[in-house]
$ cat start-v1.txt   # compact mmCIF, C-alpha atoms
# COMPACT_ATOMS: atom_id res chain seq x y z
CA MET A 1 2.70 -6.55 12.73
CA ARG A 2 -0.84 -5.40 12.03
CA PHE A 3 -2.09 -1.99 10.99
CA LEU A 4 -5.62 -0.97 11.90
CA GLY A 5 -7.35 2.31 11.31
CA ASN A 6 -8.89 4.65 8.80
CA ILE A 7 -7.32 8.10 9.04
CA GLU A 8 -7.60 11.15 6.81
CA ALA A 9 -4.65 13.49 6.19
CA LYS A 10 -3.54 16.19 3.77
CA THR A 11 -0.50 16.33 1.56
CA ASP A 12 1.42 19.59 1.33
CA SER A 13 2.28 21.33 -1.95
CA LYS A 14 5.35 19.10 -2.39
CA GLY A 15 3.43 15.86 -1.82
CA ARG A 16 4.66 15.29 1.75
CA VAL A 17 2.27 13.78 4.26
CA PHE A 18 2.43 12.81 7.92
CA LEU A 19 2.15 9.09 8.53
CA PRO A 20 -0.55 8.81 11.21
CA ALA A 21 0.87 8.34 14.72
CA THR A 22 -0.99 5.07 15.24
CA PHE A 23 0.85 3.56 12.27
CA ARG A 24 4.20 5.09 13.28
CA LYS A 25 3.87 3.40 16.68
CA VAL A 26 3.40 0.01 15.04
CA LEU A 27 6.49 0.59 12.88
CA GLN A 28 8.55 1.76 15.84
CA GLY A 29 7.45 -1.24 17.91
CA ALA A 30 8.70 -3.53 15.14
CA SER A 31 11.92 -1.49 14.66
CA GLU A 32 10.96 -0.79 11.03
CA GLU A 33 12.56 2.30 9.49
CA VAL A 34 12.41 1.63 5.75
CA LEU A 35 9.12 1.65 3.87
CA VAL A 36 8.32 0.55 0.33
CA LEU A 37 5.64 2.36 -1.68
CA ARG A 38 3.92 0.78 -4.65
CA LYS A 39 0.72 1.26 -6.60
CA ASP A 40 -1.71 -1.51 -5.74
CA VAL A 41 -1.99 -4.22 -8.41
CA HIS A 42 -5.81 -4.31 -8.30
CA GLN A 43 -7.07 -0.97 -7.00
CA ARG A 44 -6.36 2.68 -7.76
CA CYS A 45 -4.55 3.27 -4.48
CA LEU A 46 -1.01 3.15 -3.12
CA VAL A 47 0.32 0.59 -0.67
CA LEU A 48 2.97 1.31 1.92
CA TYR A 49 4.84 -1.78 3.12
CA PRO A 50 7.29 -2.03 6.00
CA GLU A 51 10.55 -3.37 4.58
CA SER A 52 10.17 -6.80 6.25
CA THR A 53 6.68 -7.21 4.78
CA TRP A 54 7.92 -6.18 1.33
CA ASN A 55 10.78 -8.66 1.57
CA ARG A 56 8.37 -11.50 2.43
CA LYS A 57 6.16 -10.58 -0.55
CA MET A 58 9.19 -10.45 -2.84
CA ASP A 59 10.39 -13.84 -1.58
CA ALA A 60 6.95 -15.32 -2.32
CA LEU A 61 6.93 -13.81 -5.82
CA LEU A 62 10.48 -14.92 -6.59
CA ALA A 63 9.62 -18.46 -5.50
CA LYS A 64 6.93 -18.55 -8.23
CA ILE A 65 9.02 -17.08 -11.06
CA ASN A 66 11.38 -19.13 -13.19
CA GLU A 67 14.39 -16.94 -13.98
CA TRP A 68 14.51 -18.44 -17.49
CA ASP A 69 10.89 -17.59 -18.30
CA ASP A 70 10.64 -14.34 -20.29
CA VAL A 71 7.10 -13.52 -19.19
CA GLY A 72 7.89 -14.20 -15.54
CA GLN A 73 10.89 -11.89 -15.78
CA GLN A 74 8.73 -9.18 -17.37
CA VAL A 75 6.20 -9.49 -14.55
CA LEU A 76 8.97 -9.24 -11.97
CA ARG A 77 10.56 -6.28 -13.75
CA GLN A 78 7.28 -4.39 -13.91
CA TYR A 79 6.45 -5.20 -10.30
CA VAL A 80 9.74 -3.89 -8.93
CA SER A 81 10.06 -0.95 -11.34
CA GLU A 82 6.97 0.66 -9.80
CA VAL A 83 8.50 0.80 -6.30
CA GLU A 84 9.79 3.70 -4.23
CA VAL A 85 11.87 3.15 -1.09
CA LEU A 86 11.03 5.69 1.64
CA THR A 87 11.97 6.71 5.15
CA LEU A 88 10.13 9.04 7.47
CA ASP A 89 11.74 12.39 8.23
CA GLY A 90 12.22 13.59 11.82
CA ASN A 91 8.64 14.87 11.87
CA GLY A 92 7.09 11.58 10.74
CA ARG A 93 6.49 12.74 7.16
CA PHE A 94 7.32 11.11 3.85
CA LEU A 95 7.17 12.29 0.26
CA ILE A 96 4.70 10.73 -2.15
CA PRO A 97 6.32 11.30 -5.55
CA LYS A 98 4.15 13.10 -8.10
CA ARG A 99 3.88 10.07 -10.39
CA TYR A 100 2.38 8.07 -7.51
CA LEU A 101 -0.07 10.85 -6.68
CA GLN A 102 -1.17 10.72 -10.32
CA MET A 103 -1.39 6.88 -10.35
CA ALA A 104 -3.85 7.00 -7.44
CA ASP A 105 -5.71 10.19 -8.50
CA ILE A 106 -4.67 11.90 -5.26
CA ASN A 107 -5.06 15.66 -5.19
CA GLN A 108 -4.49 16.76 -1.61
CA THR A 109 -6.57 14.80 0.88
CA VAL A 110 -5.65 11.17 1.46
CA ARG A 111 -7.07 8.38 3.55
CA PHE A 112 -4.74 5.89 5.22
CA ILE A 113 -6.32 2.48 5.75
CA GLY A 114 -4.49 -0.14 7.79
CA VAL A 115 -4.88 -3.49 6.04
CA ASN A 116 -3.15 -6.24 7.98
CA ASP A 117 0.62 -5.87 7.38
CA ALA A 118 0.42 -2.88 5.01
CA ILE A 119 -1.09 0.59 4.79
CA GLU A 120 -3.22 1.63 1.82
CA ILE A 121 -3.25 5.27 0.74
CA TRP A 122 -6.38 6.39 -1.10
CA ALA A 123 -7.64 9.64 -2.56
CA ALA A 124 -10.05 10.54 0.26
CA GLU A 125 -12.99 11.12 -2.10
CA LYS A 126 -12.71 7.53 -3.38
CA THR A 127 -13.42 6.26 0.14
CA ALA A 128 -16.44 8.49 0.80
CA GLU A 129 -18.73 5.58 -0.03
CA PRO A 130 -18.23 2.01 1.25
CA PHE A 131 -16.27 -0.28 -1.06
CA LEU A 132 -19.27 -2.66 -1.07
CA SER A 133 -22.88 -2.09 -0.13
CA ALA A 134 -23.84 -3.39 3.32
CA GLU A 135 -25.67 -6.31 1.71
CA GLU A 136 -22.76 -7.23 -0.61
CA PHE A 137 -20.29 -6.96 2.27
CA ALA A 138 -22.37 -9.23 4.52
CA ALA A 139 -22.84 -11.81 1.75
CA LYS A 140 -19.15 -11.85 0.75
CA LEU A 141 -17.99 -12.02 4.38
CA LYS A 142 -20.36 -14.91 5.06
CA GLU A 143 -19.14 -16.68 1.92
CA LEU A 144 -15.49 -16.23 2.93
CA MET A 145 -16.03 -17.33 6.51
CA THR A 146 -18.14 -20.40 5.70
CA THR A 147 -16.08 -21.75 2.82
CA SER A 148 -13.70 -24.43 4.00
CA LEU A 149 -10.12 -24.41 2.80

$ encode --input "start-v1.txt" --output "structure tokens"
Amino acid sequence: MRFLGNIEAKTDSKGRVFLPATFRKVLQGASEEVLVLRKDVHQRCLVLYPESTWNRKMDALLAKINEWDDVGQQVLRQYVSEVEVLTLDGNGRFLIPKRYLQMADINQTVRFIGVNDAIEIWAAEKTAEPFLSAEEFAAKLKELMTTSL
């Protein structure tokens, strides 16, 4: 399952937003009904995962954590404590809880960006400029694509 697109939307006064139709179609095609929302670990945005994607990520994390290691357990606890399980309503909307809106500095306008098997949700004004300059992007892409594994 792959999400592609860059779509702007508005939240209502309660924090509800329509998931763009292009993303809903991908979810429906994969028979995904449950979504998991989490603040991104690296960026000031939110990430919406289909349940199967979330479960794969959790399996990968759990495989790396020793249940007897205190620090590993603290990392796991923090990672899962910042999660919200969501479903779309009959109109294709979901609620972004206020604490998540604050975590990502979202006021009203959001930008959904399809990133492989997840959907990022950004405050629209944070995406007004490219994430990297054209020169930085080209250099980093070339570096990634020419470095052997």

$ closest_residue --input "start-v1.txt" --among "A:Leu48, A:Ile96, A:Leu144, A:Leu62" --to "Lys10 of chain A" --atoms "only C-alpha atoms"
A:Ile96

$ atom_distance --input "start-v1.txt" --atom1 "atom CA of Leu86 of chain A" --atom2 "atom CA of Ala128 of chain A"
27.6 Å

$ residues_around --input "start-v1.txt" --residues "Gln78 of chain A" --least-positions-apart "6" --cutoff "12 Å" --atoms "all atoms listed in the file" --output "list in words"
Arg38, Lys39, Val41, Val71 and Gly72 of chain A

$ atom_distance --input "start-v1.txt" --atom1 "atom CA of Asn116 of chain A" --atom2 "atom CA of Thr53 of chain A"
10.4 Å

$ atom_distance --input "start-v1.txt" --atom1 "atom CA of Leu4 of chain A" --atom2 "atom CA of Arg111 of chain A"
12.6 Å

$ closest_residue --input "start-v1.txt" --among "A:Glu67, A:Glu33, A:Asp89, A:Glu125" --to "Ala104 of chain A" --atoms "only C-alpha atoms"
A:Glu125

$ residues_around --input "start-v1.txt" --residues "Tyr100 of chain A" --least-positions-apart "2" --cutoff "12 Å" --atoms "all atoms listed in the file" --output "list in words"
Gly15, Arg16, Leu37, Arg38, Lys39, Asp40, Arg44, Cys45, Leu46, Val47, Leu48, Glu82, Val83, Glu84, Leu95, Ile96, Pro97, Lys98, Gln102, Met103, Ala104, Asp105, Ile106, Asn107, Ile121, Trp122 and Ala123 of chain A

$ residues_around --input "start-v1.txt" --residues "Gly92 of chain A" --least-positions-apart "4" --cutoff "9 Å" --atoms "only C-alpha atoms" --output "ChimeraX atom specification"
/A:17-21,24,87-88

$ closest_residue --input "start-v1.txt" --among "A:Met1, A:Met145, A:Ile113, A:Val80" --to "Ser31 of chain A" --atoms "only C-alpha atoms"
A:Met1

$ residues_around --input "start-v1.txt" --residues "Asp117 of chain A" --least-positions-apart "4" --cutoff "12 Å" --atoms "all atoms listed in the file" --output "short mmCIF file (atom, residue, chain, number, x, y, z; two decimals) with C-alpha atoms, keeping the file's coordinate frame"
data_model
loop_
_atom_site.label_atom_id
_atom_site.label_comp_id
_atom_site.auth_asym_id
_atom_site.auth_seq_id
_atom_site.Cartn_x
_atom_site.Cartn_y
_atom_site.Cartn_z
CA MET A 1 2.70 -6.55 12.73
CA ARG A 2 -0.84 -5.40 12.03
CA PHE A 3 -2.09 -1.99 10.99
CA LEU A 4 -5.62 -0.97 11.90
CA PHE A 23 0.85 3.56 12.27
CA VAL A 26 3.40 0.01 15.04
CA LEU A 27 6.49 0.59 12.88
CA ALA A 30 8.70 -3.53 15.14
CA LEU A 35 9.12 1.65 3.87
CA VAL A 47 0.32 0.59 -0.67
CA LEU A 48 2.97 1.31 1.92
CA TYR A 49 4.84 -1.78 3.12
CA PRO A 50 7.29 -2.03 6.00
CA GLU A 51 10.55 -3.37 4.58
CA SER A 52 10.17 -6.80 6.25
CA THR A 53 6.68 -7.21 4.78
CA TRP A 54 7.92 -6.18 1.33
CA ARG A 56 8.37 -11.50 2.43
CA LYS A 57 6.16 -10.58 -0.55
CA ILE A 113 -6.32 2.48 5.75
#

$ build_atoms --input "start-v1.txt" --residues "segment 66-77 of chain A" --atoms "all heavy atoms" --output "JSON list (two decimals), in the coordinates of the input"
[["chain", "number", "residue", "atom", "x", "y", "z"],
["A", 66, "ASN", "N", 10.23, -18.43, -12.63],
["A", 66, "ASN", "CA", 11.38, -19.13, -13.19],
["A", 66, "ASN", "C", 12.26, -18.07, -13.85],
["A", 66, "ASN", "O", 11.80, -17.34, -14.73],
["A", 66, "ASN", "CB", 10.90, -20.16, -14.21],
["A", 66, "ASN", "CG", 12.03, -20.88, -14.90],
["A", 66, "ASN", "OD1", 13.16, -20.40, -14.97],
["A", 66, "ASN", "ND2", 11.72, -22.04, -15.43],
["A", 67, "GLU", "N", 13.51, -17.98, -13.44],
["A", 67, "GLU", "CA", 14.39, -16.94, -13.98],
["A", 67, "GLU", "C", 14.64, -17.09, -15.48],
["A", 67, "GLU", "O", 15.12, -16.16, -16.12],
["A", 67, "GLU", "CB", 15.72, -16.89, -13.22],
["A", 67, "GLU", "CG", 16.60, -18.10, -13.44],
["A", 67, "GLU", "CD", 17.92, -17.99, -12.69],
["A", 67, "GLU", "OE1", 18.74, -17.14, -13.08],
["A", 67, "GLU", "OE2", 18.09, -18.74, -11.73],
["A", 68, "TRP", "N", 14.31, -18.24, -16.06],
["A", 68, "TRP", "CA", 14.51, -18.44, -17.49],
["A", 68, "TRP", "C", 13.24, -18.22, -18.30],
["A", 68, "TRP", "O", 13.25, -18.37, -19.52],
["A", 68, "TRP", "CB", 15.06, -19.85, -17.73],
["A", 68, "TRP", "CG", 16.34, -20.04, -16.99],
["A", 68, "TRP", "CD1", 16.54, -20.79, -15.87],
["A", 68, "TRP", "CD2", 17.59, -19.42, -17.26],
["A", 68, "TRP", "NE1", 17.82, -20.69, -15.42],
["A", 68, "TRP", "CE2", 18.50, -19.85, -16.28],
["A", 68, "TRP", "CE3", 18.04, -18.54, -18.24],
["A", 68, "TRP", "CZ2", 19.83, -19.43, -16.25],
["A", 68, "TRP", "CZ3", 19.36, -18.13, -18.22],
["A", 68, "TRP", "CH2", 20.23, -18.56, -17.24],
["A", 69, "ASP", "N", 12.16, -17.85, -17.63],
["A", 69, "ASP", "CA", 10.89, -17.59, -18.30],
["A", 69, "ASP", "C", 10.77, -16.09, -18.60],
["A", 69, "ASP", "O", 10.77, -15.28, -17.68],
["A", 69, "ASP", "CB", 9.73, -18.04, -17.40],
["A", 69, "ASP", "CG", 8.39, -17.70, -17.99],
["A", 69, "ASP", "OD1", 8.13, -18.05, -19.16],
["A", 69, "ASP", "OD2", 7.58, -17.05, -17.28],
["A", 70, "ASP", "N", 10.69, -15.75, -19.88],
["A", 70, "ASP", "CA", 10.64, -14.34, -20.29],
["A", 70, "ASP", "C", 9.47, -13.60, -19.68],
["A", 70, "ASP", "O", 9.61, -12.48, -19.19],
["A", 70, "ASP", "CB", 10.56, -14.21, -21.81],
["A", 70, "ASP", "CG", 11.84, -14.64, -22.50],
["A", 70, "ASP", "OD1", 12.87, -14.81, -21.81],
["A", 70, "ASP", "OD2", 11.80, -14.84, -23.73],
["A", 71, "VAL", "N", 8.29, -14.19, -19.71],
["A", 71, "VAL", "CA", 7.10, -13.52, -19.19],
["A", 71, "VAL", "C", 7.22, -13.32, -17.68],
["A", 71, "VAL", "O", 6.91, -12.26, -17.16],
["A", 71, "VAL", "CB", 5.81, -14.30, -19.55],
["A", 71, "VAL", "CG1", 4.60, -13.67, -18.89],
["A", 71, "VAL", "CG2", 5.63, -14.35, -21.06],
["A", 72, "GLY", "N", 7.69, -14.34, -16.98],
["A", 72, "GLY", "CA", 7.89, -14.20, -15.54],
["A", 72, "GLY", "C", 8.86, -13.08, -15.21],
["A", 72, "GLY", "O", 8.64, -12.30, -14.28],
["A", 73, "GLN", "N", 9.93, -12.96, -15.99],
["A", 73, "GLN", "CA", 10.89, -11.89, -15.78],
["A", 73, "GLN", "C", 10.27, -10.51, -16.07],
["A", 73, "GLN", "O", 10.56, -9.54, -15.38],
["A", 73, "GLN", "CB", 12.14, -12.10, -16.63],
["A", 73, "GLN", "CG", 13.02, -13.22, -16.13],
["A", 73, "GLN", "CD", 13.50, -12.98, -14.71],
["A", 73, "GLN", "OE1", 14.06, -11.95, -14.40],
["A", 73, "GLN", "NE2", 13.24, -13.94, -13.84],
["A", 74, "GLN", "N", 9.40, -10.45, -17.07],
["A", 74, "GLN", "CA", 8.73, -9.18, -17.37],
["A", 74, "GLN", "C", 7.78, -8.78, -16.24],
["A", 74, "GLN", "O", 7.71, -7.61, -15.87],
["A", 74, "GLN", "CB", 7.98, -9.28, -18.70],
["A", 74, "GLN", "CG", 8.91, -9.35, -19.89],
["A", 74, "GLN", "CD", 8.19, -9.66, -21.18],
["A", 74, "GLN", "OE1", 7.01, -9.99, -21.19],
["A", 74, "GLN", "NE2", 8.90, -9.56, -22.29],
["A", 75, "VAL", "N", 7.08, -9.77, -15.69],
["A", 75, "VAL", "CA", 6.20, -9.49, -14.55],
["A", 75, "VAL", "C", 7.02, -8.98, -13.37],
["A", 75, "VAL", "O", 6.67, -7.97, -12.75],
["A", 75, "VAL", "CB", 5.38, -10.75, -14.17],
["A", 75, "VAL", "CG1", 4.70, -10.57, -12.81],
["A", 75, "VAL", "CG2", 4.37, -11.07, -15.25],
["A", 76, "LEU", "N", 8.10, -9.66, -13.07],
["A", 76, "LEU", "CA", 8.97, -9.24, -11.97],
["A", 76, "LEU", "C", 9.51, -7.84, -12.21],
["A", 76, "LEU", "O", 9.47, -6.98, -11.33],
["A", 76, "LEU", "CB", 10.13, -10.23, -11.80],
["A", 76, "LEU", "CG", 11.17, -9.85, -10.76],
["A", 76, "LEU", "CD1", 10.55, -9.80, -9.37],
["A", 76, "LEU", "CD2", 12.34, -10.83, -10.80],
["A", 77, "ARG", "N", 9.99, -7.60, -13.41],
["A", 77, "ARG", "CA", 10.56, -6.28, -13.75],
["A", 77, "ARG", "C", 9.53, -5.18, -13.57],
["A", 77, "ARG", "O", 9.81, -4.12, -13.00],
["A", 77, "ARG", "CB", 11.06, -6.33, -15.19],
["A", 77, "ARG", "CG", 11.90, -5.14, -15.61],
["A", 77, "ARG", "CD", 12.50, -5.35, -17.00],
["A", 77, "ARG", "NE", 13.42, -6.48, -17.01],
["A", 77, "ARG", "CZ", 13.22, -7.62, -17.70],
["A", 77, "ARG", "NH1", 12.12, -7.78, -18.43],
["A", 77, "ARG", "NH2", 14.09, -8.60, -17.66]]
